[in-house]
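Before any comments, here is the structure.
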Amino acid sequence: MLRRKAITMMWNKTETSSEQPTLVERRRWPRISEAPLCGNATDLPVLVSLPFSTSNEAPNRQFLAWRKHMAPLVDAYLPESAEAADGFAASQTVWNLEGALLVQQQTPAFRYERPAEKVRFSAIDHWQITFLRTGRTWTSVNGHVVENEPGMMEIRALGCPFYGRTISAQSVSLILPCDLFADHGGLPGASNNIVLGGERVKLLADYIAFLEANLDRLTKDDLHSVRNQLQEMIFHSVAPLVNGHTTGDRSSEIGLMTKARRFIQNNLGSADLTPEALSRELAISRTRLYGLFQASGGVLNYVRRRRLLAARAALADLSNGQKIADIAGNLGFESAANFSRAFTHEFGYSPSEVRRHTGECKVGHLPQMTETSTFGDWLNTLGI
């Protein structure tokens, strides 16, 4: 609470002061840890990254490689004046902050689209926040086009269809689960497809640049405070600058999803957590509820996944002495066997493996927990 109040006061100060506030904010940024987690410097966890480049492909295959790499997020197209034979020198590095992705990217000009069909069958409904270092982009949502340029911050809901184009550009983006802002009631629905500037945005951009400069030094110990700082800075950058009233059906849906997620998270252990109960809580019909969760694979699938995530967090908690069967029962699973099968299917390793690795102080290096093989894997497991 004290940290939140301090940051809020700092934001308010920037609105009225003509002095540069960057140094004040940097004193509040988390210290980069130099101490190993398990008391052994050789075991110091390294921040996991996923590098990608088209440079290893023949020029006429480079754009196809980029298109395939980006397919879970957007459909990519060459500009009308370009040919695949011309080559497409693109590079991207994704850093897993365990609850947020930081994406550094450099590309030639291309067009992109996240069509309604892709949204419908995708569980990716996160927020994407983009800062351009060079270049310019134009993105359309429901006919409303926004232009991003260096010095500005663009916000987009990936659970909403969009299309656009970019000239040759270098950027850094954050991809964040909607649940990250649940404590604040979520980002305003009207935040989708907007571009913001000003001192608050500059402070956030400076902090992200600070993170980029220290990515090779961040450890698992640092990530909790990094996520908290990002949560606070983003929310207090966006909320005061966005009109609070909803604008259109999609903004209303984003607000409903925020409320639904919060209700589900607060009632994970309840046997009464049913579609009927959720419909009553949101004051909407079951038909609309099912449509709301269609992109997440359905209501029951979403609830099951959140329960599995909560179970994994409990299993990885060194202070939690509950038996695996008790954790499963407390989260609504009818039997330990059903829980174990669902858990292993979801994560690729068993509940007992989490306990064993936690005891060895190696939970951060469980197979497939953070070291998944593709950009799509990381997007789909964001928030775990």
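Letters A, B, ... go to the chains of the structure tokens in the order shown; residues in each chain start at 1; ligands are counted from 1 in the same order.
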
Please tabulate, as JSON lines, the residues of stretch 168-273 of chain A that come within 8 Å of stretch 300-324 of chain A, each with its closest pair of atoms and the distance in Å to one decimal, counting only C-alpha atoms and ordering rows by chain, then residue number upward.
{"residue": "A:Ile264", "atom": "CA", "partner": "A:Val303", "partner_atom": "CA", "distance": 6.9}
{"residue": "A:Gln265", "atom": "CA", "partner": "A:Arg306", "partner_atom": "CA", "distance": 7.3}
{"residue": "A:Leu268", "atom": "CA", "partner": "A:Arg307", "partner_atom": "CA", "distance": 6.1}

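Using only C-alpha atoms, the residues found no farther than 9 Å from A:Pro150, other than those of its own chain fewer than 5 positions away, are Phe131, Leu132, Arg133, Thr134, Gly135, Arg136 and Ser171 of chain A.
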
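Between atom CA of A:Arg355 and atom CA of A:Ser225 the interatomic distance comes to 24.3 Å.
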
Quick one: contact table of stretch 196-314 of chain A to stretch 153-157 of chain A, 7 Å max, nearest atom pair and distance in Å to one decimal per residue, counting only C-alpha atoms, chain and number order, as a Markdown table?
| residue | atom | partner | partner_atom | distance |
| --- | --- | --- | --- | --- |
| A:Leu196 | CA | A:Met153 | CA | 5.2 |
| A:Gly197 | CA | A:Met153 | CA | 6.3 |
| A:Val201 | CA | A:Met153 | CA | 6.7 |

Residues within 7 Å of A:Ser140, only C-alpha atoms, excluding chain neighbours under 5 positions, as a ChimeraX atom specification: /A:145-146,162-164

Contacts of stretch 60-62 of chain A within 9 Å, only C-alpha atoms, excl. fewer than 3 positions in-chain, as a count of residues only: 16
